[in-house]
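Asks: Just passing along the structure, written as structure tokens.
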Amino acid sequence: MNNMSPEVALHRISPELRPLLCSVVRNGRVGLDSTNCLRVTDLKTGCTSLTPGPCCDRFKLHIPYAGETLKWDIIFNARYPELPPDFIFGEDAEFLPEPSELPHLVQWDAGDPECLLQLVKELIQQYHQYQCQRLRESSRLLFEYDSLLEDPNYGRNMEIYAGRKNSWVGDRIVLVCPSFISIMSSLSQDTALDPGEDVALLSVSFEDAEATQVFPKLYLSPSIEHALGGSSALHIPAFPSGGCLIDYVPQVCQLLTNKVQYVIQGYHKRREYIAAFLSHFGMGVVEYDAEGFTKLTLLLMWKDFCFLVHVDLPLYFPRDQPTLTFQSVYHFTNSGQLYSQVQKSYPYSPRWDGNEMAKRAKAYFKSFIPQFQEGAFANGKL
Amino acid sequence: MYHLLMGIIECAAAGGSGIDGDVSIMAASISGYTFSSVCFHSANSNSDHEGFLLGEVRQEETVSISDTQISTAELLQVVEIHNHDPCAQLFSFYDYAGKVNEDNLNRILKDRRKSVIGWYRFRRNTQQQMSFREQIIHKQLTQLLGVPDLVFLLFSFISTANSSTHALEYVLFRPNRRYNQRITLTIPNLGNTSQQEYKVSSVPNTSLNYAKVIKEHGAEFFDKDGVMKDIRTIFQVYSALQDKVQAVCGEVEQSERVKEKIQEDVNKLKQQIALRKRKTAEEERRLREAQNAESHPTSEENSEPSETSLLSRVAFHAPSAPERPGTSPNPPSYSDLLSQEDSLLSSSSSPTSAALLPRPQAVGSPGHPTPGPLGMGLGLSLGLGLGLGDSSEYENLVSEAAHLPMVSASVLAQGRPAALSPDGDARGSQTS
């Protein structure tokens, strides 16, 4: 019952209400976290138990917001599908939005499939304001919030959650790292990344009023995380005690920006490198990674001795030098593999450009190959 | 602790008056037939259902006083739901935005508007919590109807997935309060079978049919004053019995007096017989002594105290028959007591100090006439008081007896302990 796929939910709901729910589960994205869809659970009916199905008309909607999940009950009446729904706001018993602020409720149009989704978005907005109201009670986060609000970078792209006194949840503020996103979009022009799917959110939780326990967390969509080298590569600095968000957030964003730029730079460098090799080795190129430019394989001949060179470009190229794997085309090892030798250290400097690297690589091949040939003959068998 | 419940002040106020902060507790009850009617309407609807609750709210104030003299007043608001008014459809008195339309409201309620104390909603398979629209509507209804503590009854029907079990849950809210929003709703006469008493509700019976039938057949049971005939008959029987008892009382008193008189006569005669016997015995003794005295000279002291005692006895009509108090059928009359102490007269002529000690008065002792000349007083009390065995009478006698001549005082004083118990414990005889 709990992890219901959207299709099952759509199947069980009363036919007249299906279009409304459809737009919610299929296209529904509210809030900053656009990777998390709205989820529907606990479909029940308001008709008598003798009514033949499908006749479900009430359900629980899970909405991600500021690192929390809001669970709101939405109640329709299957026998009167033209009527607007009613809501139960779960644990937020005191949240009571003003109906005049909900135009899609006042002018509910059951014929418009987007109506429910729009209404939910309006409710979220009201909820955000409600949380801001609750923050009036604790001045610390309010001060932070107000200061961030003035900054055009973060301005409207924030979700705030005022924690509950009785639970372990502290106040939390979630915001989008804006510069980050702009860089990501530039990256996407070069790669096949879809910026709509990606998100970078900074969540800062204040566990107590004096801001002595502050826990920042960075949420990245999986593709970004991968592109940046995994979660281990991303360490954001701890929140300085006594510091404030208006200083901290730009710091984090800058860090991310730098990292991303570095990665982008690396990408460009790799591309340059491969391009240079292509032009230098021309026909000798067997294959190369045309998307990420991380691999290159060359088939070269020297004094009638043919050999393969596999070039592996690391993530932090050009800082880290590429790994060269020489492989003989004639000789096998005992385990049935082609005889190969890996070279990790050879003359290299990250300051060289692609051309220079290609030239130097060529020179290195020439110097190394006799050695390799001997080794192949000695250790491998034909 | 010693609690004394003092008065329950009831003020019937339809609609309740003044919310006294959060101090007052609310109790709510709904009559069984109203409850089942609401359930019937709700269960038969194929969607959510709503309506209004009609009834009465009254306030009961209980003041309790304890030994520490701190009195606490407890305000209890009692809500009684007498009837309900279901709405034919949803959104009948409010619009999509939840705004209540007063005209529609009046059209639905008509003249029942003033007895509205709350409203209810029925929705299947939902949480027991007020929804967004319900809260908005409630606020407006509170204002429009002018009921500060408007209640909201939420019915929820939960069915299990395979429809094997259905549960009807109901919660009564008073959302206008900040705390203690849920109230227990009791249905009188619906509960566990250990309760034996059938509770009658205070719902006024407004049925016309009922009134008609009662009027037709009422003459057989009620008289012109509206009092049940049986009651009057029983009262008459009671009065007759009372009269008879009163009459018998009089007769008993008379016969008692006669009996007492006869008893006195009998005693007198007994005394005379005894006297005569003694006389003859003494004469014989004297004769014998005279015969002996011719040979031995003796004193005649012995005769004198007996003579005085004889005199005193005669004066007080004291018998010499040695009757023990325990064996006589009547409680010992005062004269009996005096006779017992004959022998003591010779030994102690001086009164003991005990005789002069004032006896404590019994608390709440019935007032009785102060004896005038002591002889009269004694006589009176002998006749009346002794028969009843009233200790207070005895005590008063003793205090008066201090003025008596020495001899009789000692007799009185010594006679007392034998008859009375506990001695001088009058004050302590009050039980707590």
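We name chains A, B, ... following the order of the structure tokens; residues begin at 1 in each chain, and ligands are numbered from 1 as shown.
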Enumerate as an mmCIF file with all heavy atoms, in the first residue's frame all residues of range 88-129 of chain B assigned to strand (DSSP E) by DSSP on the backbone, naming them with the chain letters and numbers the document uses.
Replies:
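Writing done, so here's states_17.cif:
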```cif
data_model
loop_
_atom_site.group_PDB
_atom_site.id
_atom_site.type_symbol
_atom_site.label_atom_id
_atom_site.label_comp_id
_atom_site.auth_asym_id
_atom_site.auth_seq_id
_atom_site.Cartn_x
_atom_site.Cartn_y
_atom_site.Cartn_z
ATOM 1 N N VAL B 116 -29.347 25.437 17.543
ATOM 2 C CA VAL B 116 -28.166 24.772 16.979
ATOM 3 C C VAL B 116 -27.020 24.890 17.973
ATOM 4 O O VAL B 116 -26.695 25.986 18.438
ATOM 5 C CB VAL B 116 -27.770 25.421 15.639
ATOM 6 C CG1 VAL B 116 -26.442 24.866 15.163
ATOM 7 C CG2 VAL B 116 -28.839 25.176 14.591
ATOM 8 N N ILE B 117 -26.432 23.779 18.310
ATOM 9 C CA ILE B 117 -25.287 23.818 19.221
ATOM 10 C C ILE B 117 -24.024 23.284 18.551
ATOM 11 O O ILE B 117 -22.942 23.299 19.125
ATOM 12 C CB ILE B 117 -25.548 22.994 20.497
ATOM 13 C CG1 ILE B 117 -26.054 21.593 20.130
ATOM 14 C CG2 ILE B 117 -26.530 23.692 21.394
ATOM 15 C CD1 ILE B 117 -25.715 20.570 21.138
ATOM 16 N N GLY B 118 -24.181 22.795 17.344
ATOM 17 C CA GLY B 118 -22.998 22.275 16.674
ATOM 18 C C GLY B 118 -23.378 21.745 15.304
ATOM 19 O O GLY B 118 -24.527 21.884 14.859
ATOM 20 N N TRP B 119 -22.402 21.153 14.646
ATOM 21 C CA TRP B 119 -22.691 20.541 13.360
ATOM 22 C C TRP B 119 -21.834 19.283 13.227
ATOM 23 O O TRP B 119 -20.895 19.078 14.000
ATOM 24 C CB TRP B 119 -22.449 21.520 12.214
ATOM 25 C CG TRP B 119 -21.036 21.992 12.047
ATOM 26 C CD1 TRP B 119 -20.271 22.636 12.975
ATOM 27 C CD2 TRP B 119 -20.229 21.886 10.881
ATOM 28 N NE1 TRP B 119 -19.049 22.919 12.463
ATOM 29 C CE2 TRP B 119 -18.990 22.480 11.175
ATOM 30 C CE3 TRP B 119 -20.439 21.344 9.611
ATOM 31 C CZ2 TRP B 119 -17.957 22.538 10.243
ATOM 32 C CZ3 TRP B 119 -19.406 21.415 8.688
ATOM 33 C CH2 TRP B 119 -18.177 22.005 9.006
ATOM 34 N N TYR B 120 -22.189 18.466 12.263
ATOM 35 C CA TYR B 120 -21.449 17.217 12.132
ATOM 36 C C TYR B 120 -21.117 16.961 10.677
ATOM 37 O O TYR B 120 -21.731 17.514 9.768
ATOM 38 C CB TYR B 120 -22.274 16.048 12.701
ATOM 39 C CG TYR B 120 -23.492 15.676 11.890
ATOM 40 C CD1 TYR B 120 -23.423 14.735 10.856
ATOM 41 C CD2 TYR B 120 -24.725 16.254 12.169
ATOM 42 C CE1 TYR B 120 -24.544 14.406 10.126
ATOM 43 C CE2 TYR B 120 -25.841 15.917 11.432
ATOM 44 C CZ TYR B 120 -25.753 14.992 10.419
ATOM 45 O OH TYR B 120 -26.860 14.672 9.690
ATOM 46 N N ARG B 121 -20.112 16.097 10.526
ATOM 47 C CA ARG B 121 -19.730 15.686 9.173
ATOM 48 C C ARG B 121 -19.375 14.226 9.200
ATOM 49 O O ARG B 121 -18.768 13.732 10.156
ATOM 50 C CB ARG B 121 -18.538 16.511 8.690
ATOM 51 C CG ARG B 121 -18.997 17.649 7.819
ATOM 52 C CD ARG B 121 -17.920 18.230 6.971
ATOM 53 N NE ARG B 121 -18.261 18.049 5.580
ATOM 54 C CZ ARG B 121 -17.465 17.511 4.677
ATOM 55 N NH1 ARG B 121 -16.291 17.113 4.993
ATOM 56 N NH2 ARG B 121 -17.872 17.396 3.442
ATOM 57 N N PHE B 122 -19.708 13.568 8.134
ATOM 58 C CA PHE B 122 -19.403 12.157 8.013
ATOM 59 C C PHE B 122 -18.536 11.974 6.778
ATOM 60 O O PHE B 122 -18.905 12.428 5.691
ATOM 61 C CB PHE B 122 -20.723 11.375 7.879
ATOM 62 C CG PHE B 122 -20.548 9.959 7.429
ATOM 63 C CD1 PHE B 122 -20.266 8.971 8.338
ATOM 64 C CD2 PHE B 122 -20.673 9.623 6.095
ATOM 65 C CE1 PHE B 122 -20.106 7.660 7.938
ATOM 66 C CE2 PHE B 122 -20.513 8.313 5.678
ATOM 67 C CZ PHE B 122 -20.236 7.332 6.600
ATOM 68 N N ARG B 123 -17.380 11.347 6.962
ATOM 69 C CA ARG B 123 -16.590 11.012 5.784
ATOM 70 C C ARG B 123 -15.905 9.671 5.999
ATOM 71 O O ARG B 123 -15.386 9.389 7.070
ATOM 72 C CB ARG B 123 -15.574 12.115 5.446
ATOM 73 C CG ARG B 123 -14.942 12.850 6.585
ATOM 74 C CD ARG B 123 -14.019 13.936 6.025
ATOM 75 N NE ARG B 123 -13.576 14.877 7.019
ATOM 76 C CZ ARG B 123 -12.571 14.677 7.851
ATOM 77 N NH1 ARG B 123 -11.911 13.543 7.814
ATOM 78 N NH2 ARG B 123 -12.231 15.600 8.729
ATOM 79 N N ARG B 124 -15.931 8.883 4.970
ATOM 80 C CA ARG B 124 -15.387 7.526 5.087
ATOM 81 C C ARG B 124 -13.882 7.520 4.912
ATOM 82 O O ARG B 124 -13.318 8.295 4.162
ATOM 83 C CB ARG B 124 -16.013 6.647 3.987
ATOM 84 C CG ARG B 124 -17.454 6.317 4.239
ATOM 85 C CD ARG B 124 -17.934 5.284 3.231
ATOM 86 N NE ARG B 124 -19.300 4.895 3.508
ATOM 87 C CZ ARG B 124 -20.364 5.531 3.073
ATOM 88 N NH1 ARG B 124 -20.204 6.594 2.318
ATOM 89 N NH2 ARG B 124 -21.572 5.121 3.378
#
```
Asks: Show me, as a PyMOL selection string, the residues that have an atom within 12 Å of range 296-311 of chain A when counting only C-alpha atoms, minus same-chain residues fewer than 6 positions from it.
Replies: chain A and resi 270-271+273-278+280-290+321-331+338-344+358+361-362+364-370+372-374+376-377
Asks: Using only C-alpha atoms, I'd like every residue of chain A that has an atom within 7 Å of chain B; please write them out as JSON, numbers by chain.
Replies: {"A": [44, 45, 46, 47, 48, 49, 77, 79, 84, 86, 87, 88, 96, 99, 105, 106]}
Asks: Kindly save the residues from that selection, with N, CA and C atoms included, as an mmCIF file, in the first residue's frame.
Replies:
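Printed below is part_32.cif as written:
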```cif
data_model
loop_
_atom_site.group_PDB
_atom_site.id
_atom_site.type_symbol
_atom_site.label_atom_id
_atom_site.label_comp_id
_atom_site.auth_asym_id
_atom_site.auth_seq_id
_atom_site.Cartn_x
_atom_site.Cartn_y
_atom_site.Cartn_z
ATOM 1 N N LYS A 44 -8.223 5.521 -0.925
ATOM 2 C CA LYS A 44 -9.407 4.961 -0.276
ATOM 3 C C LYS A 44 -10.636 5.518 -0.976
ATOM 4 N N THR A 45 -11.763 4.953 -0.608
ATOM 5 C CA THR A 45 -12.977 5.444 -1.247
ATOM 6 C C THR A 45 -13.922 6.074 -0.236
ATOM 7 N N GLY A 46 -14.705 7.004 -0.719
ATOM 8 C CA GLY A 46 -15.715 7.627 0.136
ATOM 9 C C GLY A 46 -17.100 7.088 -0.154
ATOM 10 N N CYS A 47 -17.166 6.135 -1.062
ATOM 11 C CA CYS A 47 -18.464 5.536 -1.382
ATOM 12 C C CYS A 47 -18.700 4.338 -0.469
ATOM 13 N N THR A 48 -19.903 3.818 -0.509
ATOM 14 C CA THR A 48 -20.184 2.640 0.303
ATOM 15 C C THR A 48 -19.364 1.473 -0.207
ATOM 16 N N SER A 49 -19.169 0.505 0.659
ATOM 17 C CA SER A 49 -18.305 -0.611 0.280
ATOM 18 C C SER A 49 -18.939 -1.484 -0.795
ATOM 19 N N ASN A 77 -14.969 13.619 -3.680
ATOM 20 C CA ASN A 77 -16.164 12.791 -3.595
ATOM 21 C C ASN A 77 -16.446 12.243 -4.979
ATOM 22 N N ARG A 79 -18.815 10.658 -6.213
ATOM 23 C CA ARG A 79 -20.163 10.853 -6.767
ATOM 24 C C ARG A 79 -20.376 12.281 -7.255
ATOM 25 N N PRO A 84 -14.681 20.749 -5.567
ATOM 26 C CA PRO A 84 -13.252 20.837 -5.232
ATOM 27 C C PRO A 84 -12.924 19.955 -4.036
ATOM 28 N N ASP A 86 -11.061 18.629 -0.440
ATOM 29 C CA ASP A 86 -10.771 19.141 0.896
ATOM 30 C C ASP A 86 -9.398 18.596 1.296
ATOM 31 N N PHE A 87 -8.756 19.253 2.247
ATOM 32 C CA PHE A 87 -7.405 18.851 2.620
ATOM 33 C C PHE A 87 -7.271 18.655 4.120
ATOM 34 N N ILE A 88 -6.453 17.688 4.486
ATOM 35 C CA ILE A 88 -6.040 17.577 5.887
ATOM 36 C C ILE A 88 -4.525 17.670 5.874
ATOM 37 N N LEU A 96 -3.452 26.943 8.267
ATOM 38 C CA LEU A 96 -4.783 27.216 7.730
ATOM 39 C C LEU A 96 -4.653 28.343 6.715
ATOM 40 N N PRO A 99 -8.374 31.072 1.999
ATOM 41 C CA PRO A 99 -8.877 30.620 0.695
ATOM 42 C C PRO A 99 -8.737 31.663 -0.422
ATOM 43 N N LEU A 105 -8.604 27.184 -6.029
ATOM 44 C CA LEU A 105 -9.665 26.573 -5.222
ATOM 45 C C LEU A 105 -10.958 27.342 -5.404
ATOM 46 N N VAL A 106 -10.808 28.677 -5.371
ATOM 47 C CA VAL A 106 -12.003 29.505 -5.475
ATOM 48 C C VAL A 106 -12.669 29.310 -6.839
#
```
Asks: Please determine, counting only C-alpha atoms, which residue among B:Gln59, B:Ser164, B:Gln254, B:Ser115 has the shortest atom-to-atom distance to Val147 in chain B.
Replies: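 Nearest candidate to Val147 in chain B out of B:Gln59, B:Ser164, B:Gln254, B:Ser115: B:Ser115.
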Asks: With DSSP run on the backbone, what are the helix (DSSP H, G or I) residues within range 4-141 of chain A? I'd like them as a ChimeraX atom specification.
Replies: /A:6-12,15-27,99-101,103-106,115-135,139-141
Asks: Here is a test: counting only C-alpha atoms, which residue of A:Leu175, A:Ile246, A:Ala238, A:Met158 is nearest to Phe143 in chain A?
Replies: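 Nearest candidate to Phe143 in chain A out of A:Leu175, A:Ile246, A:Ala238, A:Met158: A:Ile246.
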Asks: Quick one: distance from CA of Leu10 in chain A to CA of Val25 in chain A in Å, one decimal?
Replies: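 These atoms are spaced 8.7 Å apart.
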Asks: Counting only C-alpha atoms, what is within 6 Å of range 30-37 of chain B, bar same-chain residues fewer than 5 positions away, as an mmCIF file with all heavy atoms, in the first residue's frame?
Replies:
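Output saved as result35.cif:
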```
data_model
loop_
_atom_site.group_PDB
_atom_site.id
_atom_site.type_symbol
_atom_site.label_atom_id
_atom_site.label_comp_id
_atom_site.auth_asym_id
_atom_site.auth_seq_id
_atom_site.Cartn_x
_atom_site.Cartn_y
_atom_site.Cartn_z
ATOM 1 N N GLU B 80 -26.077 18.684 25.470
ATOM 2 C CA GLU B 80 -26.991 17.574 25.168
ATOM 3 C C GLU B 80 -27.510 17.742 23.757
ATOM 4 O O GLU B 80 -28.087 18.773 23.417
ATOM 5 C CB GLU B 80 -28.167 17.573 26.148
ATOM 6 C CG GLU B 80 -27.799 16.944 27.470
ATOM 7 C CD GLU B 80 -29.015 16.673 28.329
ATOM 8 O OE1 GLU B 80 -30.139 16.933 27.879
ATOM 9 O OE2 GLU B 80 -28.825 16.226 29.450
ATOM 10 N N ILE B 81 -27.305 16.725 22.996
ATOM 11 C CA ILE B 81 -27.755 16.776 21.608
ATOM 12 C C ILE B 81 -29.096 16.068 21.536
ATOM 13 O O ILE B 81 -29.194 14.877 21.820
ATOM 14 C CB ILE B 81 -26.724 16.106 20.688
ATOM 15 C CG1 ILE B 81 -25.374 16.818 20.832
ATOM 16 C CG2 ILE B 81 -27.188 16.160 19.249
ATOM 17 C CD1 ILE B 81 -24.233 16.089 20.215
ATOM 18 N N ASN B 83 -31.357 16.479 18.759
ATOM 19 C CA ASN B 83 -31.865 16.225 17.417
ATOM 20 C C ASN B 83 -30.808 16.623 16.383
ATOM 21 O O ASN B 83 -29.818 17.280 16.720
ATOM 22 C CB ASN B 83 -33.134 17.054 17.211
ATOM 23 C CG ASN B 83 -34.096 16.337 16.304
ATOM 24 O OD1 ASN B 83 -33.710 15.413 15.587
ATOM 25 N ND2 ASN B 83 -35.348 16.758 16.323
ATOM 26 N N ILE B 187 -23.434 8.134 25.218
ATOM 27 C CA ILE B 187 -24.792 7.828 24.785
ATOM 28 C C ILE B 187 -25.449 7.157 25.965
ATOM 29 O O ILE B 187 -25.069 6.030 26.322
ATOM 30 C CB ILE B 187 -24.772 6.893 23.567
ATOM 31 C CG1 ILE B 187 -23.945 7.535 22.450
ATOM 32 C CG2 ILE B 187 -26.186 6.634 23.089
ATOM 33 C CD1 ILE B 187 -23.665 6.595 21.316
#
```
Asks: Rounded to one decimal in Å, what is the spacing between CA of Glu98 in chain A and CA of Gln131 in chain A?
Replies: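 Rounded to one decimal, the two atoms are 14.5 Å apart.
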Asks: Env of Phe173 in chain B: 7 Å cut, atoms = only C-alpha atoms, seq-sep filter 4 positions within chain, self excluded. Answer as a PyMOL selection string.
Replies: chain B and resi 151-153+181-183
Asks: Quick one: distance from CA of Ser349 in chain A to CA of Val263 in chain A in Å, one decimal?
Replies: 18.4 Å
Asks: For Arg39 in chain A, work out the shell of residues within 8 Å, counting only C-alpha atoms and skipping chain neighbours fewer than 5 positions away, then give it as number ranges by chain.
Replies: A: 6, 25, 61-63
Asks: With N, CA and C atoms retained, could you export that selection as a PDB file, in the first residue's frame?
Replies:
```pdb
ATOM      1  N   PRO A   6       2.698   4.976  -9.678  1.00  0.00           N
ATOM      2  CA  PRO A   6       1.667   5.906 -10.146  1.00  0.00           C
ATOM      3  C   PRO A   6       0.609   5.239 -11.006  1.00  0.00           C
ATOM      4  N   VAL A  25       0.770  12.974 -10.681  1.00  0.00           N
ATOM      5  CA  VAL A  25       1.806  11.946 -10.521  1.00  0.00           C
ATOM      6  C   VAL A  25       2.766  11.912 -11.692  1.00  0.00           C
ATOM      7  N   LEU A  61      -0.995  12.494  -0.306  1.00  0.00           N
ATOM      8  CA  LEU A  61      -0.008  13.012  -1.252  1.00  0.00           C
ATOM      9  C   LEU A  61       1.272  13.345  -0.500  1.00  0.00           C
ATOM     10  N   HIS A  62       2.388  12.799  -0.981  1.00  0.00           N
ATOM     11  CA  HIS A  62       3.683  13.058  -0.342  1.00  0.00           C
ATOM     12  C   HIS A  62       4.404  14.138  -1.116  1.00  0.00           C
ATOM     13  N   ILE A  63       4.706  15.201  -0.457  1.00  0.00           N
ATOM     14  CA  ILE A  63       5.309  16.358  -1.132  1.00  0.00           C
ATOM     15  C   ILE A  63       6.647  16.657  -0.485  1.00  0.00           C
TER      16      ILE A  63
END
```
